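A.B. asks: This is entry.cif (mmCIF, C-alpha atoms).
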```cif
data_target
#
loop_
_atom_site.group_PDB
_atom_site.id
_atom_site.type_symbol
_atom_site.label_atom_id
_atom_site.label_comp_id
_atom_site.auth_asym_id
_atom_site.auth_seq_id
_atom_site.Cartn_x
_atom_site.Cartn_y
_atom_site.Cartn_z
ATOM 1 C CA MET B 156 4.356 -23.408 -6.268
ATOM 2 C CA THR B 157 1.209 -24.492 -4.462
ATOM 3 C CA ARG B 158 0.485 -20.932 -3.347
ATOM 4 C CA TYR B 159 0.916 -19.557 -6.878
ATOM 5 C CA ALA B 160 -1.326 -22.304 -8.222
ATOM 6 C CA LEU B 161 -4.011 -21.387 -5.691
ATOM 7 C CA ARG B 162 -3.799 -17.730 -6.656
ATOM 8 C CA ALA B 163 -4.089 -18.536 -10.353
ATOM 9 C CA ALA B 164 -6.994 -20.870 -9.633
ATOM 10 C CA SER B 165 -8.852 -18.204 -7.641
ATOM 11 C CA LEU B 166 -8.438 -15.716 -10.503
ATOM 12 C CA ALA B 167 -9.613 -18.308 -13.039
ATOM 13 C CA VAL B 168 -12.680 -19.125 -10.923
ATOM 14 C CA ALA B 169 -13.572 -15.437 -10.660
ATOM 15 C CA LEU B 170 -13.278 -14.963 -14.433
ATOM 16 C CA GLY B 171 -15.276 -18.128 -15.087
ATOM 17 C CA LEU B 172 -18.037 -16.985 -12.748
ATOM 18 C CA TRP B 173 -18.100 -13.599 -14.463
ATOM 19 C CA GLN B 174 -18.367 -15.228 -17.890
ATOM 20 C CA LEU B 175 -21.104 -17.576 -16.713
ATOM 21 C CA LEU B 176 -23.297 -14.930 -15.102
ATOM 22 C CA THR B 177 -23.006 -12.464 -17.985
ATOM 23 C CA SER B 178 -23.418 -14.993 -20.808
ATOM 24 C CA LEU B 179 -26.566 -16.433 -19.203
ATOM 25 C CA ASN B 180 -27.985 -12.922 -18.554
ATOM 26 C CA ILE B 181 -28.626 -13.669 -14.898
ATOM 27 C CA ASP B 182 -30.937 -11.050 -13.344
ATOM 28 C CA LEU B 183 -31.699 -11.673 -9.706
ATOM 29 C CA TRP B 184 -31.009 -8.818 -7.345
ATOM 30 C CA LEU B 185 -27.922 -7.834 -9.400
ATOM 31 C CA ARG B 186 -28.363 -7.259 -13.142
ATOM 32 C CA PHE B 187 -25.550 -9.148 -14.788
ATOM 33 C CA SER B 188 -27.270 -8.872 -18.166
ATOM 34 C CA GLN B 189 -26.003 -5.281 -18.383
ATOM 35 C CA PHE B 190 -22.398 -6.402 -18.003
ATOM 36 C CA PRO B 191 -20.127 -7.278 -20.936
ATOM 37 C CA THR B 192 -18.777 -10.808 -20.946
ATOM 38 C CA VAL B 193 -15.129 -11.684 -20.413
ATOM 39 C CA ALA B 194 -14.850 -12.450 -24.130
ATOM 40 C CA ASP B 195 -16.197 -8.985 -25.032
ATOM 41 C CA VAL B 196 -13.695 -7.298 -22.716
ATOM 42 C CA ALA B 197 -10.859 -9.415 -24.123
ATOM 43 C CA ARG B 198 -11.748 -8.415 -27.692
ATOM 44 C CA ALA B 199 -11.955 -4.743 -26.720
ATOM 45 C CA PHE B 200 -8.619 -5.066 -24.935
ATOM 46 C CA ALA B 201 -6.994 -6.541 -28.036
ATOM 47 C CA ASP B 202 -8.372 -3.694 -30.168
ATOM 48 C CA ARG B 203 -7.021 -1.104 -27.750
ATOM 49 C CA LEU B 204 -3.575 -2.661 -27.652
ATOM 50 C CA SER B 205 -3.310 -2.406 -31.423
ATOM 51 C CA GLY B 206 -4.042 1.325 -31.436
ATOM 52 C CA PRO B 207 -1.813 4.288 -30.431
ATOM 53 C CA ASP B 208 -4.299 5.938 -28.044
ATOM 54 C CA TYR B 209 -3.991 3.214 -25.406
ATOM 55 C CA TRP B 210 -0.228 3.605 -25.058
ATOM 56 C CA THR B 211 -0.510 7.411 -25.026
ATOM 57 C CA ASP B 212 -3.050 7.214 -22.206
ATOM 58 C CA LEU B 213 -0.857 4.731 -20.357
ATOM 59 C CA THR B 214 2.219 6.962 -20.636
ATOM 60 C CA ASP B 215 0.353 10.072 -19.499
ATOM 61 C CA SER B 216 -1.174 8.367 -16.453
ATOM 62 C CA LEU B 217 2.152 6.819 -15.407
ATOM 63 C CA THR B 218 3.957 10.152 -15.805
ATOM 64 C CA ARG B 219 1.398 11.919 -13.629
ATOM 65 C CA ILE B 220 1.318 9.255 -10.937
ATOM 66 C CA LEU B 221 5.098 8.881 -10.697
ATOM 67 C CA THR B 222 5.722 12.641 -10.626
ATOM 68 C CA GLY B 223 3.158 13.314 -7.914
ATOM 69 C CA PHE B 224 4.066 10.238 -5.881
ATOM 70 C CA LEU B 225 7.813 10.907 -5.904
ATOM 71 C CA LEU B 226 7.238 14.488 -4.782
ATOM 72 C CA ALA B 227 4.921 13.257 -2.040
ATOM 73 C CA ALA B 228 7.426 10.628 -0.926
ATOM 74 C CA VAL B 229 10.285 13.123 -0.571
ATOM 75 C CA LEU B 230 8.304 15.961 1.007
ATOM 76 C CA GLY B 231 6.131 13.651 3.108
ATOM 77 C CA VAL B 232 9.105 11.894 4.696
ATOM 78 C CA ALA B 233 10.958 15.171 5.248
ATOM 79 C CA THR B 234 7.929 16.884 6.803
ATOM 80 C CA GLY B 235 7.085 13.859 8.941
ATOM 81 C CA VAL B 236 10.599 13.688 10.364
ATOM 82 C CA LEU B 237 10.654 17.454 10.948
ATOM 83 C CA VAL B 238 7.302 17.500 12.759
ATOM 84 C CA ALA B 239 8.231 14.461 14.860
ATOM 85 C CA ARG B 240 11.647 15.792 15.877
ATOM 86 C CA SER B 241 10.973 19.510 16.336
ATOM 87 C CA ARG B 242 8.405 21.031 18.683
ATOM 88 C CA LEU B 243 8.628 24.347 16.845
ATOM 89 C CA ALA B 244 7.831 22.691 13.508
ATOM 90 C CA GLU B 245 4.970 20.793 15.117
ATOM 91 C CA ASP B 246 3.507 24.014 16.524
ATOM 92 C CA LEU B 247 3.867 25.879 13.233
ATOM 93 C CA LEU B 248 2.928 23.189 10.708
ATOM 94 C CA GLY B 249 0.820 20.796 12.759
ATOM 95 C CA PRO B 250 -2.422 22.828 12.911
ATOM 96 C CA VAL B 251 -2.372 23.618 9.183
ATOM 97 C CA LEU B 252 -1.644 20.025 8.214
ATOM 98 C CA GLU B 253 -4.326 18.609 10.498
ATOM 99 C CA VAL B 254 -6.936 20.980 9.066
ATOM 100 C CA VAL B 255 -6.071 20.187 5.447
ATOM 101 C CA ARG B 256 -5.549 16.437 5.940
ATOM 102 C CA PRO B 257 -9.249 15.405 6.247
ATOM 103 C CA ILE B 258 -10.123 17.130 2.960
ATOM 104 C CA PRO B 259 -10.343 14.517 0.158
ATOM 105 C CA ALA B 260 -7.752 15.149 -2.528
ATOM 106 C CA ILE B 261 -10.360 14.905 -5.269
ATOM 107 C CA ALA B 262 -12.253 17.776 -3.597
ATOM 108 C CA LEU B 263 -9.243 19.983 -4.374
ATOM 109 C CA VAL B 264 -9.848 19.773 -8.122
ATOM 110 C CA PRO B 265 -11.477 23.270 -8.258
ATOM 111 C CA VAL B 266 -8.532 24.650 -6.269
ATOM 112 C CA ALA B 267 -6.086 23.018 -8.685
ATOM 113 C CA ILE B 268 -7.949 24.461 -11.688
ATOM 114 C CA LEU B 269 -7.813 27.959 -10.206
ATOM 115 C CA LEU B 270 -4.274 27.669 -8.862
ATOM 116 C CA PHE B 271 -2.324 26.116 -11.751
ATOM 117 C CA PRO B 272 -2.132 27.403 -15.319
ATOM 118 C CA SER B 273 -2.575 23.952 -16.934
ATOM 119 C CA ASN B 274 -4.643 20.849 -16.267
ATOM 120 C CA GLU B 275 -1.495 18.719 -16.304
ATOM 121 C CA GLN B 276 -0.004 20.530 -13.338
ATOM 122 C CA GLY B 277 -3.328 20.406 -11.520
ATOM 123 C CA ILE B 278 -3.582 16.623 -11.899
ATOM 124 C CA VAL B 279 -0.033 16.197 -10.594
ATOM 125 C CA PHE B 280 -0.967 18.389 -7.631
ATOM 126 C CA ILE B 281 -4.013 16.194 -6.860
ATOM 127 C CA THR B 282 -1.840 13.081 -7.061
ATOM 128 C CA PHE B 283 0.771 14.660 -4.810
ATOM 129 C CA THR B 284 -1.820 15.683 -2.209
ATOM 130 C CA ALA B 285 -3.354 12.204 -2.161
ATOM 131 C CA ALA B 286 -0.044 10.508 -1.339
ATOM 132 C CA PHE B 287 1.473 13.228 0.829
ATOM 133 C CA PHE B 288 -0.643 12.826 3.944
ATOM 134 C CA PRO B 289 -0.427 9.009 4.302
ATOM 135 C CA VAL B 290 3.362 9.263 3.987
ATOM 136 C CA LEU B 291 3.495 12.187 6.426
ATOM 137 C CA VAL B 292 1.364 10.518 9.108
ATOM 138 C CA SER B 293 3.111 7.139 8.906
ATOM 139 C CA THR B 294 6.550 8.772 9.029
ATOM 140 C CA ARG B 295 5.605 10.911 12.006
ATOM 141 C CA HIS B 296 4.290 7.959 13.991
ATOM 142 C CA ALA B 297 7.270 5.768 13.042
ATOM 143 C CA VAL B 298 9.800 8.382 14.178
ATOM 144 C CA ARG B 299 7.986 9.026 17.453
ATOM 145 C CA ALA B 300 7.856 5.287 18.177
ATOM 146 C CA LEU B 301 11.641 4.893 18.079
ATOM 147 C CA THR B 302 13.254 3.930 21.355
ATOM 148 C CA PRO B 303 15.400 6.740 22.826
ATOM 149 C CA VAL B 304 18.111 4.267 23.807
ATOM 150 C CA TRP B 305 19.451 4.188 20.248
ATOM 151 C CA GLU B 306 19.766 7.964 20.123
ATOM 152 C CA GLU B 307 21.454 8.059 23.512
ATOM 153 C CA ALA B 308 23.948 5.450 22.322
ATOM 154 C CA VAL B 309 24.919 7.606 19.327
ATOM 155 C CA LEU B 310 25.256 10.671 21.548
ATOM 156 C CA THR B 311 27.443 8.710 23.950
ATOM 157 C CA MET B 312 29.798 7.814 21.107
ATOM 158 C CA GLY B 313 30.071 11.457 20.068
ATOM 159 C CA GLY B 314 27.564 11.563 17.222
ATOM 160 C CA GLY B 315 25.662 14.722 16.334
ATOM 161 C CA ARG B 316 22.161 15.427 15.017
ATOM 162 C CA TRP B 317 22.940 14.466 11.435
ATOM 163 C CA ARG B 318 24.540 11.234 12.603
ATOM 164 C CA ILE B 319 21.430 10.419 14.638
ATOM 165 C CA LEU B 320 19.231 11.193 11.648
ATOM 166 C CA ALA B 321 21.240 8.989 9.282
ATOM 167 C CA SER B 322 21.997 6.123 11.671
ATOM 168 C CA VAL B 323 18.928 5.954 13.913
ATOM 169 C CA VAL B 324 15.911 7.930 12.747
ATOM 170 C CA LEU B 325 15.680 7.065 9.055
ATOM 171 C CA PRO B 326 16.706 3.370 9.302
ATOM 172 C CA GLY B 327 14.494 2.802 12.335
ATOM 173 C CA ALA B 328 11.480 4.471 10.720
ATOM 174 C CA LEU B 329 11.831 2.723 7.351
ATOM 175 C CA PRO B 330 9.171 0.028 8.005
ATOM 176 C CA GLY B 331 6.607 2.677 8.927
ATOM 177 C CA ILE B 332 7.639 4.910 6.043
ATOM 178 C CA PHE B 333 7.124 2.155 3.484
ATOM 179 C CA GLY B 334 3.783 1.338 5.061
ATOM 180 C CA GLY B 335 2.722 4.901 4.297
ATOM 181 C CA LEU B 336 4.194 4.703 0.800
ATOM 182 C CA SER B 337 2.167 1.565 0.062
ATOM 183 C CA VAL B 338 -1.018 3.295 1.167
ATOM 184 C CA GLY B 339 -0.076 6.487 -0.667
ATOM 185 C CA ILE B 340 0.476 4.849 -4.053
ATOM 186 C CA GLY B 341 -2.965 3.231 -3.895
ATOM 187 C CA VAL B 342 -4.704 6.474 -2.938
ATOM 188 C CA SER B 343 -2.760 8.284 -5.674
ATOM 189 C CA TRP B 344 -4.157 5.975 -8.337
ATOM 190 C CA ILE B 345 -7.704 6.575 -7.099
ATOM 191 C CA CYS B 346 -7.292 10.338 -7.216
ATOM 192 C CA VAL B 347 -5.362 10.589 -10.486
ATOM 193 C CA ILE B 348 -8.032 8.557 -12.288
ATOM 194 C CA SER B 349 -10.767 10.734 -10.803
ATOM 195 C CA ALA B 350 -8.895 13.914 -11.733
ATOM 196 C CA GLU B 351 -8.409 12.665 -15.295
ATOM 197 C CA MET B 352 -12.132 11.973 -15.539
ATOM 198 C CA ILE B 353 -12.934 15.530 -14.433
ATOM 199 C CA SER B 354 -10.318 17.726 -16.088
ATOM 200 C CA GLY B 355 -7.942 15.532 -18.064
ATOM 201 C CA GLN B 356 -7.410 15.378 -21.815
ATOM 202 C CA TYR B 357 -5.540 12.092 -21.998
ATOM 203 C CA GLY B 358 -4.994 9.244 -19.597
ATOM 204 C CA VAL B 359 -6.629 6.003 -18.551
ATOM 205 C CA GLY B 360 -9.237 7.779 -16.440
ATOM 206 C CA TYR B 361 -10.156 10.171 -19.244
ATOM 207 C CA ARG B 362 -10.508 7.309 -21.741
ATOM 208 C CA THR B 363 -12.610 5.257 -19.317
ATOM 209 C CA TRP B 364 -15.016 8.150 -18.808
ATOM 210 C CA GLN B 365 -15.254 8.750 -22.537
ATOM 211 C CA ASP B 366 -16.170 5.099 -23.067
ATOM 212 C CA TYR B 367 -18.901 5.423 -20.453
ATOM 213 C CA THR B 368 -20.402 8.498 -22.114
ATOM 214 C CA VAL B 369 -20.690 6.666 -25.455
ATOM 215 C CA VAL B 370 -22.097 3.513 -23.729
ATOM 216 C CA ASN B 371 -19.050 1.404 -24.572
ATOM 217 C CA TYR B 372 -19.124 -0.770 -21.469
ATOM 218 C CA ALA B 373 -16.488 -3.171 -22.754
ATOM 219 C CA GLY B 374 -14.117 -0.210 -23.069
ATOM 220 C CA VAL B 375 -15.008 0.854 -19.528
ATOM 221 C CA PHE B 376 -13.942 -2.557 -18.245
ATOM 222 C CA VAL B 377 -10.730 -2.335 -20.280
ATOM 223 C CA GLY B 378 -9.928 0.862 -18.407
ATOM 224 C CA MET B 379 -10.807 -0.727 -15.070
ATOM 225 C CA VAL B 380 -8.565 -3.722 -15.733
ATOM 226 C CA THR B 381 -5.744 -1.426 -16.824
ATOM 227 C CA ILE B 382 -6.065 0.645 -13.654
ATOM 228 C CA GLY B 383 -6.063 -2.491 -11.505
ATOM 229 C CA VAL B 384 -2.968 -3.931 -13.182
ATOM 230 C CA LEU B 385 -1.069 -0.639 -13.007
ATOM 231 C CA GLY B 386 -1.980 -0.185 -9.355
ATOM 232 C CA TRP B 387 -0.889 -3.727 -8.548
ATOM 233 C CA LEU B 388 2.444 -3.307 -10.353
ATOM 234 C CA THR B 389 3.311 -0.005 -8.692
ATOM 235 C CA SER B 390 2.268 -1.247 -5.229
ATOM 236 C CA THR B 391 4.360 -4.387 -5.727
ATOM 237 C CA ALA B 392 7.348 -2.272 -6.770
ATOM 238 C CA VAL B 393 7.047 -0.171 -3.591
ATOM 239 C CA GLU B 394 6.736 -3.303 -1.459
ATOM 240 C CA LEU B 395 9.751 -4.965 -3.061
ATOM 241 C CA LEU B 396 11.821 -1.821 -2.572
ATOM 242 C CA GLY B 397 10.766 -1.727 1.057
ATOM 243 C CA ARG B 398 11.807 -5.340 1.572
ATOM 244 C CA ARG B 399 15.122 -4.616 -0.101
ATOM 245 C CA LEU B 400 15.881 -1.674 2.179
ATOM 246 C CA THR B 401 14.684 -3.391 5.363
ATOM 247 C CA ARG B 402 16.492 -6.698 5.006
ATOM 248 C CA TRP B 403 17.814 -6.286 8.547
ATOM 249 C CA LEU B 404 14.331 -6.885 9.958
ATOM 250 C CA PRO B 405 13.665 -10.369 11.388
ATOM 251 C CA LYS B 406 12.022 -12.726 8.939
ATOM 252 C CA THR B 407 8.633 -14.227 9.706
ATOM 253 C CA SER B 408 8.473 -17.911 8.801
ATOM 254 C CA TYR B 409 5.244 -19.663 7.910
ATOM 255 C CA VAL B 410 5.148 -23.381 8.614
ATOM 256 C CA THR B 411 2.608 -25.318 6.576
ATOM 257 C CA GLY B 412 1.070 -28.595 7.566
ATOM 258 C CA PRO B 413 -0.063 -29.863 10.952
ATOM 259 C CA ARG B 414 1.536 -28.513 14.065
ATOM 260 C CA PRO B 415 4.106 -30.813 15.664
ATOM 261 C CA ARG B 416 2.912 -32.431 18.836
ATOM 262 C CA THR B 417 4.778 -31.775 22.027
ATOM 263 C CA PRO B 418 5.695 -35.070 23.682
ATOM 264 C CA ARG B 419 4.081 -35.515 27.012
ATOM 265 C CA VAL B 420 6.361 -36.335 29.920
ATOM 266 C CA ALA B 421 4.927 -38.713 32.479
ATOM 267 C CA PRO B 422 5.061 -37.389 36.035
ATOM 268 C CA ALA B 423 7.577 -38.959 38.354
ATOM 269 C CA PRO B 424 6.050 -41.611 40.611
ATOM 270 C CA LEU B 425 5.573 -40.736 44.226
ATOM 271 C CA ARG B 426 8.163 -42.289 46.478
ATOM 272 C CA GLU B 427 6.862 -44.306 49.331
ATOM 273 C CA GLY B 428 8.679 -45.050 52.545
ATOM 274 C CA PRO B 429 11.231 -43.068 54.544
ATOM 275 C CA VAL B 430 13.646 -40.672 52.849
ATOM 276 C CA SER B 431 17.351 -41.149 53.459
ATOM 277 C CA GLU B 432 19.575 -38.496 54.999
ATOM 278 C CA ALA B 433 21.598 -38.133 51.749
ATOM 279 C CA GLU B 434 18.456 -37.364 49.759
ATOM 280 C CA GLU B 435 17.343 -34.756 52.293
ATOM 281 C CA THR B 436 20.763 -33.087 52.088
ATOM 282 C CA ARG B 437 20.560 -33.052 48.247
ATOM 283 C CA ASP B 438 17.086 -31.511 48.308
ATOM 284 C CA GLU B 439 18.176 -28.783 50.712
ATOM 285 C CA HIS B 440 21.169 -28.016 48.471
ATOM 286 C CA LEU B 441 18.903 -27.672 45.399
ATOM 287 C CA VAL B 442 16.579 -25.333 47.261
#
```
Represent the structure from my file as structure tokens, please.
C.D. replies:
Amino acid sequence: MTRYALRAASLAVALGLWQLLTSLNIDLWLRFSQFPTVADVARAFADRLSGPDYWTDLTDSLTRILTGFLLAAVLGVATGVLVARSRLAEDLLGPVLEVVRPIPAIALVPVAILLFPSNEQGIVFITFTAAFFPVLVSTRHAVRALTPVWEEAVLTMGGGRWRILASVVLPGALPGIFGGLSVGIGVSWICVISAEMISGQYGVGYRTWQDYTVVNYAGVFVGMVTIGVLGWLTSTAVELLGRRLTRWLPKTSYVTGPRPRTPRVAPAPLREGPVSEAEETRDEHLV
């Protein structure tokens, strides 16, 4: 409860500081007088919630992000395992993937416009590309980091390739896979919003850009808050699913409060005088 209270307090302090700086029109090096206040954003948020456009934009953005991310999760994991386990696949696919991987997904918007017949499919493609490479790279590294002893144990007991894949490779790589999925969902939100701003017709990104063009800064902040909340919810869902599927991992415990002191043991006093023959025999036996 203390941790949740601290988190709520930090959020309240940030909102209070925002309200204070914008209401007082503070202009030092940063121009807070151009920002809407928290009250203005809250009123704009309430107006949006009462209208149908907000929920339409929300549904469209969630449909695009979930479609592209699920495709990236399936194909990214499959390609990562294939490249990590097969030298032939690495030689055939590795060069192409490494050349395409550094290209930002948002830079592929012209390619998506030329390649796909509709903007909707192009936005899903941008979202898929954004999440595909983080999932691919994390899966590849996780599979290659597995200890070969586990695979040898399955082979010793008569297991085949599919048994190794189901019992060793996928379970052992799950922590790394979900690390890539967590990164991929965040990058997907960045790219889907950017793609909606460029070529979308509906969606949170499209609505945020429209508010900017008509100088509705309160509406812009409504879109930003919506994007942040949606990104947090989807990332939390991926993290909770990862914890659910990796319950076999050892738990890390955090102990609050001062560290317990280790009692000091006083050294044994030095013995003076001659040592008996029985004690010498005992010491030789211990050695």
A.B. asks: For this file, the PyMOL selection byres ((chain B and resi 286) around 10) selects which residues, as a PyMOL selection string?
C.D. replies: chain B and resi 220+223-228+231+260+281-285+287-291+335-344+346
A.B. asks: Distance atom CA of Val279 of chain B-atom CA of Arg219 of chain B, one decimal place?
C.D. replies: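 It comes out at 5.4 Å.
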A.B. asks: On this file, the PyMOL selection byres ((chain B and resi 379-384) around 12) gives some set of residues; write that set as a PyMOL selection string.
C.D. replies: chain B and resi 193+196-197+199-200+203-204+209-210+212-213+216-217+220+341+343-349+358-364+366-367+372-378+385-391
A.B. asks: Between atom CA of Pro265 of chain B and atom CA of Ile353 of chain B, what distance in Å does the model show, to one decimal?
C.D. replies: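 One can read the atom CA of Pro265 of chain B to atom CA of Ile353 of chain B distance as 10.0 Å.
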A.B. asks: Give me the residues within 9 Å of Leu329 of chain B as a JSON list (two decimals) with C-alpha atoms, in the coordinates of the input, counting only C-alpha atoms and dropping any in the same chain fewer than 6 places off.
C.D. replies:
```
[["chain", "number", "residue", "atom", "x", "y", "z"],
["B", 294, "THR", "CA", 6.55, 8.77, 9.03],
["B", 297, "ALA", "CA", 7.27, 5.77, 13.04],
["B", 397, "GLY", "CA", 10.77, -1.73, 1.06],
["B", 400, "LEU", "CA", 15.88, -1.67, 2.18],
["B", 401, "THR", "CA", 14.68, -3.39, 5.36]]
```
